[in-house]
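Participant: Take a look at this one; I'll ask things after.
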Amino acid sequence: MRDDLHATATRRLRRVSQRYTSGRRVLVEVLAAAEHPLTIPEIVELDASLATSSVYRNLAALEQAGIATKIVTSQEHARYELSEDFGHHHHHLVCIDCGRVSDFTLPAGVEQELDAALRRAARKEGYVHDTHRLDLTGTCPECQ
Ligand SMILES: [Zn+2]
Ligand SMILES: [Zn+2]
């Protein structure tokens, strides 16, 4: 599984003419081990070998290659996670006060209905529906 992840990461970076450097590898390991999307300061705190400036650049490369996904919140720092195709399909709860992000999933039946509705909406606009990203914003229990 882990080897798979690195092999896919190597391939995707190559597609955008980038290399899978050791710094990027560490970054992918940190994101893979995380339980929720991380900010850059959190990433640097988790692995002391990483420097903020290179994390910044490397995340941009991972995002461009489709390996990492950025989640924008109301806070100063965006959050990052591994792209969904490395894990399972999920959604995010984003707190509009503290910027905390947690994952949640919907029942399979709801996902199917959602996909059917989105497919119809996409077709109307001449698009072929691929997948959806759905983040909920609200106030977390601590901020209420
Ligand atoms: Zn909050
Ligand atoms: Zn979904």
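In the structure tokens, the first chain shown is A, the next is B, and so on; residue numbers restart at 1 for each chain, and ligands run from 1 in the order shown.
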If the limit is 7 Å from any atom of ligand 1, counting only C-alpha atoms and all ligand atoms, which residues qualify? Return them as a list in words.
Facilitator: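 So, counting only C-alpha atoms and all ligand atoms, the residues near ligand 1 are Cys95, Ile96, Asp97, Cys98, Gly99, Arg100, Thr139, Cys140, Pro141, Glu142 and Cys143 of chain A.
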Participant: Can you list, as a ChimeraX atom specification, every protein, DNA or RNA residue that comes within 10 Å of range 20-32 of chain A when you count only C-alpha atoms, leaving out same-chain residues fewer than 4 positions away?
Facilitator: /A:2,5-7,9-14,36-38,43-44,46-47,49-51,54-55,57-59,61-62,67-68,80-83,86-87
Participant: Create the file for the chosen residues now, containing C-alpha atoms and written as a PDB file, in the first residue's frame.
Facilitator:
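Result saved to out-v3.pdb:
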ATOM      1  CA  ARG A   2       2.720   2.442   1.065  1.00  0.00           C
ATOM      2  CA  LEU A   5       1.536   5.339  -2.822  1.00  0.00           C
ATOM      3  CA  HIS A   6       5.157   6.213  -3.550  1.00  0.00           C
ATOM      4  CA  ALA A   7       5.076   4.589  -6.983  1.00  0.00           C
ATOM      5  CA  ALA A   9       3.473   9.769  -6.513  1.00  0.00           C
ATOM      6  CA  THR A  10       6.626   9.230  -8.606  1.00  0.00           C
ATOM      7  CA  ARG A  11       4.533   8.682 -11.729  1.00  0.00           C
ATOM      8  CA  ARG A  12       2.298  11.703 -11.182  1.00  0.00           C
ATOM      9  CA  LEU A  13       5.225  14.020 -10.519  1.00  0.00           C
ATOM     10  CA  ARG A  14       6.973  12.775 -13.632  1.00  0.00           C
ATOM     11  CA  HIS A  36      -7.116  15.199   9.474  1.00  0.00           C
ATOM     12  CA  PRO A  37      -5.882  17.802   6.978  1.00  0.00           C
ATOM     13  CA  LEU A  38      -2.782  19.673   8.190  1.00  0.00           C
ATOM     14  CA  ILE A  43       3.493  19.694   9.166  1.00  0.00           C
ATOM     15  CA  VAL A  44       6.750  21.371  10.163  1.00  0.00           C
ATOM     16  CA  LEU A  46       5.464  16.909  12.989  1.00  0.00           C
ATOM     17  CA  ASP A  47       8.737  16.494  11.164  1.00  0.00           C
ATOM     18  CA  SER A  49      13.635  17.795   9.149  1.00  0.00           C
ATOM     19  CA  LEU A  50      11.205  19.874   7.096  1.00  0.00           C
ATOM     20  CA  ALA A  51      11.722  23.605   6.570  1.00  0.00           C
ATOM     21  CA  SER A  54      10.574  23.959   1.163  1.00  0.00           C
ATOM     22  CA  VAL A  55       7.306  22.534   2.509  1.00  0.00           C
ATOM     23  CA  ARG A  57       7.197  24.758  -2.526  1.00  0.00           C
ATOM     24  CA  ASN A  58       6.893  20.985  -2.292  1.00  0.00           C
ATOM     25  CA  LEU A  59       3.208  21.119  -1.414  1.00  0.00           C
ATOM     26  CA  ALA A  61       4.334  20.621  -6.607  1.00  0.00           C
ATOM     27  CA  LEU A  62       2.354  17.795  -4.955  1.00  0.00           C
ATOM     28  CA  ILE A  67      -1.073  14.027  -5.047  1.00  0.00           C
ATOM     29  CA  ALA A  68      -2.159  16.537  -2.398  1.00  0.00           C
ATOM     30  CA  TYR A  80      -3.536  19.886   3.046  1.00  0.00           C
ATOM     31  CA  GLU A  81      -4.310  16.206   2.733  1.00  0.00           C
ATOM     32  CA  LEU A  82      -3.426  13.419   0.337  1.00  0.00           C
ATOM     33  CA  SER A  83      -5.724  13.360  -2.676  1.00  0.00           C
ATOM     34  CA  PHE A  86      -5.154   7.491  -2.215  1.00  0.00           C
ATOM     35  CA  GLY A  87      -7.689   6.917   0.526  1.00  0.00           C
TER      36      GLY A  87
END
Participant: Around ligand 2, out to 12 Å and counting only C-alpha atoms and all ligand atoms, which residues are there? I want them as an MDAnalysis selection string.
Facilitator: chainID A and resid 84 88:92 103:118 130:136
Participant: Calculate how many Å separate CA of Ala34 in chain A from CA of Lys70 in chain A, rounding to one decimal.
Facilitator: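 Going from CA of Ala34 in chain A over to CA of Lys70 in chain A covers 14.3 Å.
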Participant: Name the residues of chain A that come out as alpha helix (DSSP H) in a backbone DSSP run; write them as a compact mmCIF listing (two decimals) with N, CA and C atoms, in the first residue's frame.
Facilitator:
# COMPACT_ATOMS: atom_id res chain seq x y z
N ARG A 2 1.81 1.32 0.98
CA ARG A 2 2.72 2.44 1.06
C ARG A 2 3.61 2.54 -0.18
N ASP A 3 4.08 1.36 -0.66
CA ASP A 3 4.92 1.33 -1.85
C ASP A 3 4.14 1.83 -3.05
N ASP A 4 2.89 1.42 -3.10
CA ASP A 4 1.96 1.82 -4.12
C ASP A 4 1.83 3.34 -4.18
N LEU A 5 1.68 3.90 -2.98
CA LEU A 5 1.54 5.34 -2.82
C LEU A 5 2.74 6.06 -3.42
N HIS A 6 3.94 5.57 -3.06
CA HIS A 6 5.16 6.21 -3.55
C HIS A 6 5.33 6.02 -5.05
N ALA A 7 4.97 4.85 -5.54
CA ALA A 7 5.08 4.59 -6.98
C ALA A 7 4.14 5.52 -7.75
N THR A 8 2.93 5.68 -7.25
CA THR A 8 1.96 6.57 -7.90
C THR A 8 2.44 8.01 -7.83
N ALA A 9 2.97 8.40 -6.67
CA ALA A 9 3.47 9.77 -6.51
C ALA A 9 4.60 10.04 -7.51
N THR A 10 5.51 9.08 -7.66
CA THR A 10 6.63 9.23 -8.61
C THR A 10 6.09 9.44 -10.02
N ARG A 11 5.11 8.63 -10.39
CA ARG A 11 4.53 8.68 -11.73
C ARG A 11 3.83 10.02 -11.98
N ARG A 12 3.05 10.45 -10.99
CA ARG A 12 2.30 11.70 -11.18
C ARG A 12 3.21 12.92 -11.25
N LEU A 13 4.28 12.90 -10.47
CA LEU A 13 5.22 14.02 -10.52
C LEU A 13 5.94 14.04 -11.86
N ARG A 14 6.28 12.86 -12.35
CA ARG A 14 6.97 12.78 -13.63
C ARG A 14 6.10 13.37 -14.74
N ARG A 15 4.82 13.14 -14.63
CA ARG A 15 3.87 13.64 -15.62
C ARG A 15 3.90 15.17 -15.71
N SER A 22 13.47 13.51 -1.79
CA SER A 22 13.31 12.96 -0.44
C SER A 22 12.41 13.85 0.41
N GLY A 23 12.50 15.17 0.21
CA GLY A 23 11.64 16.11 0.94
C GLY A 23 10.17 15.89 0.63
N ARG A 24 9.87 15.62 -0.62
CA ARG A 24 8.48 15.38 -1.03
C ARG A 24 7.98 14.05 -0.49
N ARG A 25 8.91 13.10 -0.43
CA ARG A 25 8.58 11.77 0.10
C ARG A 25 8.20 11.85 1.59
N VAL A 26 8.99 12.62 2.34
CA VAL A 26 8.70 12.80 3.77
C VAL A 26 7.34 13.46 3.93
N LEU A 27 7.09 14.44 3.10
CA LEU A 27 5.82 15.18 3.13
C LEU A 27 4.63 14.24 2.88
N VAL A 28 4.78 13.37 1.90
CA VAL A 28 3.71 12.41 1.58
C VAL A 28 3.51 11.46 2.76
N GLU A 29 4.61 11.05 3.41
CA GLU A 29 4.51 10.17 4.59
C GLU A 29 3.75 10.87 5.72
N VAL A 30 4.06 12.14 5.94
CA VAL A 30 3.40 12.91 7.02
C VAL A 30 1.90 13.03 6.72
N LEU A 31 1.57 13.36 5.47
CA LEU A 31 0.15 13.51 5.11
C LEU A 31 -0.59 12.17 5.19
N ALA A 32 0.10 11.10 4.82
CA ALA A 32 -0.53 9.77 4.84
C ALA A 32 -0.83 9.33 6.27
N ALA A 33 -0.01 9.76 7.21
CA ALA A 33 -0.18 9.34 8.60
C ALA A 33 -1.17 10.23 9.35
N ILE A 40 0.59 24.04 7.17
CA ILE A 40 2.05 23.98 7.02
C ILE A 40 2.75 24.04 8.39
N PRO A 41 2.36 24.94 9.31
CA PRO A 41 3.02 24.92 10.63
C PRO A 41 2.87 23.56 11.34
N GLU A 42 1.72 22.92 11.19
CA GLU A 42 1.52 21.60 11.80
C GLU A 42 2.45 20.56 11.18
N ILE A 43 2.62 20.64 9.87
CA ILE A 43 3.49 19.69 9.17
C ILE A 43 4.93 19.85 9.65
N VAL A 44 5.37 21.09 9.74
CA VAL A 44 6.75 21.37 10.16
C VAL A 44 6.97 20.90 11.61
N GLU A 45 5.92 21.03 12.42
CA GLU A 45 6.01 20.60 13.80
C GLU A 45 6.12 19.07 13.90
N LEU A 46 5.46 18.38 12.97
CA LEU A 46 5.46 16.91 12.99
C LEU A 46 6.77 16.31 12.52
N THR A 52 9.96 25.25 6.55
CA THR A 52 8.72 25.87 6.07
C THR A 52 8.77 26.25 4.58
N SER A 53 9.88 26.87 4.17
CA SER A 53 9.96 27.35 2.78
C SER A 53 9.90 26.19 1.79
N SER A 54 10.59 25.08 2.10
CA SER A 54 10.57 23.96 1.16
C SER A 54 9.25 23.21 1.22
N VAL A 55 8.63 23.17 2.40
CA VAL A 55 7.31 22.53 2.51
C VAL A 55 6.32 23.28 1.61
N TYR A 56 6.40 24.57 1.65
CA TYR A 56 5.56 25.43 0.83
C TYR A 56 5.69 25.09 -0.65
N ARG A 57 6.92 25.06 -1.11
CA ARG A 57 7.20 24.76 -2.53
C ARG A 57 6.81 23.33 -2.89
N ASN A 58 7.16 22.39 -2.00
CA ASN A 58 6.89 20.99 -2.29
C ASN A 58 5.41 20.67 -2.29
N LEU A 59 4.66 21.34 -1.43
CA LEU A 59 3.21 21.12 -1.41
C LEU A 59 2.59 21.63 -2.71
N ALA A 60 3.11 22.74 -3.21
CA ALA A 60 2.62 23.28 -4.48
C ALA A 60 2.85 22.27 -5.60
N ALA A 61 4.02 21.63 -5.58
CA ALA A 61 4.33 20.62 -6.61
C ALA A 61 3.43 19.40 -6.45
N LEU A 62 3.21 18.97 -5.21
CA LEU A 62 2.35 17.79 -4.96
C LEU A 62 0.91 18.09 -5.36
N GLU A 63 0.50 19.33 -5.16
CA GLU A 63 -0.85 19.73 -5.53
C GLU A 63 -1.00 19.74 -7.06
N GLN A 64 0.00 20.29 -7.71
CA GLN A 64 0.00 20.36 -9.17
C GLN A 64 -0.04 18.96 -9.78
N ALA A 108 -23.79 5.38 1.86
CA ALA A 108 -23.59 5.04 0.44
C ALA A 108 -24.79 5.45 -0.41
N GLY A 109 -26.00 5.27 0.12
CA GLY A 109 -27.20 5.62 -0.64
C GLY A 109 -27.28 7.10 -0.92
N VAL A 110 -26.88 7.92 0.04
CA VAL A 110 -26.90 9.37 -0.12
C VAL A 110 -25.87 9.78 -1.18
N GLU A 111 -24.70 9.13 -1.13
CA GLU A 111 -23.66 9.40 -2.13
C GLU A 111 -24.17 9.09 -3.54
N GLN A 112 -24.89 7.98 -3.67
CA GLN A 112 -25.39 7.59 -4.99
C GLN A 112 -26.41 8.60 -5.51
N GLU A 113 -27.30 9.04 -4.62
CA GLU A 113 -28.29 10.04 -5.03
C GLU A 113 -27.63 11.36 -5.41
N LEU A 114 -26.65 11.73 -4.60
CA LEU A 114 -25.91 12.96 -4.84
C LEU A 114 -25.22 12.90 -6.20
N ASP A 115 -24.55 11.77 -6.47
CA ASP A 115 -23.85 11.60 -7.73
C ASP A 115 -24.80 11.63 -8.92
N ALA A 116 -25.98 11.03 -8.75
CA ALA A 116 -26.96 11.01 -9.84
C ALA A 116 -27.41 12.44 -10.14
N ALA A 117 -27.69 13.22 -9.08
CA ALA A 117 -28.13 14.61 -9.26
C ALA A 117 -27.01 15.44 -9.89
N LEU A 118 -25.78 15.21 -9.44
CA LEU A 118 -24.66 15.99 -9.97
C LEU A 118 -24.37 15.62 -11.42
N ARG A 119 -24.55 14.35 -11.73
CA ARG A 119 -24.33 13.90 -13.11
C ARG A 119 -25.31 14.61 -14.05
N ARG A 120 -26.58 14.71 -13.60
CA ARG A 120 -27.59 15.40 -14.43
C ARG A 120 -27.23 16.88 -14.59
N ALA A 121 -26.82 17.51 -13.50
CA ALA A 121 -26.47 18.94 -13.54
C ALA A 121 -25.26 19.15 -14.46
N ALA A 122 -24.28 18.24 -14.37
CA ALA A 122 -23.07 18.36 -15.20
C ALA A 122 -23.42 18.20 -16.67
N ARG A 123 -24.27 17.21 -16.95
CA ARG A 123 -24.63 16.92 -18.34
C ARG A 123 -25.30 18.13 -18.98
N LYS A 124 -26.13 18.81 -18.22
CA LYS A 124 -26.82 20.00 -18.69
C LYS A 124 -25.84 21.06 -19.17
Participant: In Å to one decimal, how far is CA of Val72 in chain A from CA of Glu35 in chain A?
Facilitator: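 Separating CA of Glu35 in chain A from CA of Val72 in chain A is a distance of 17.4 Å.
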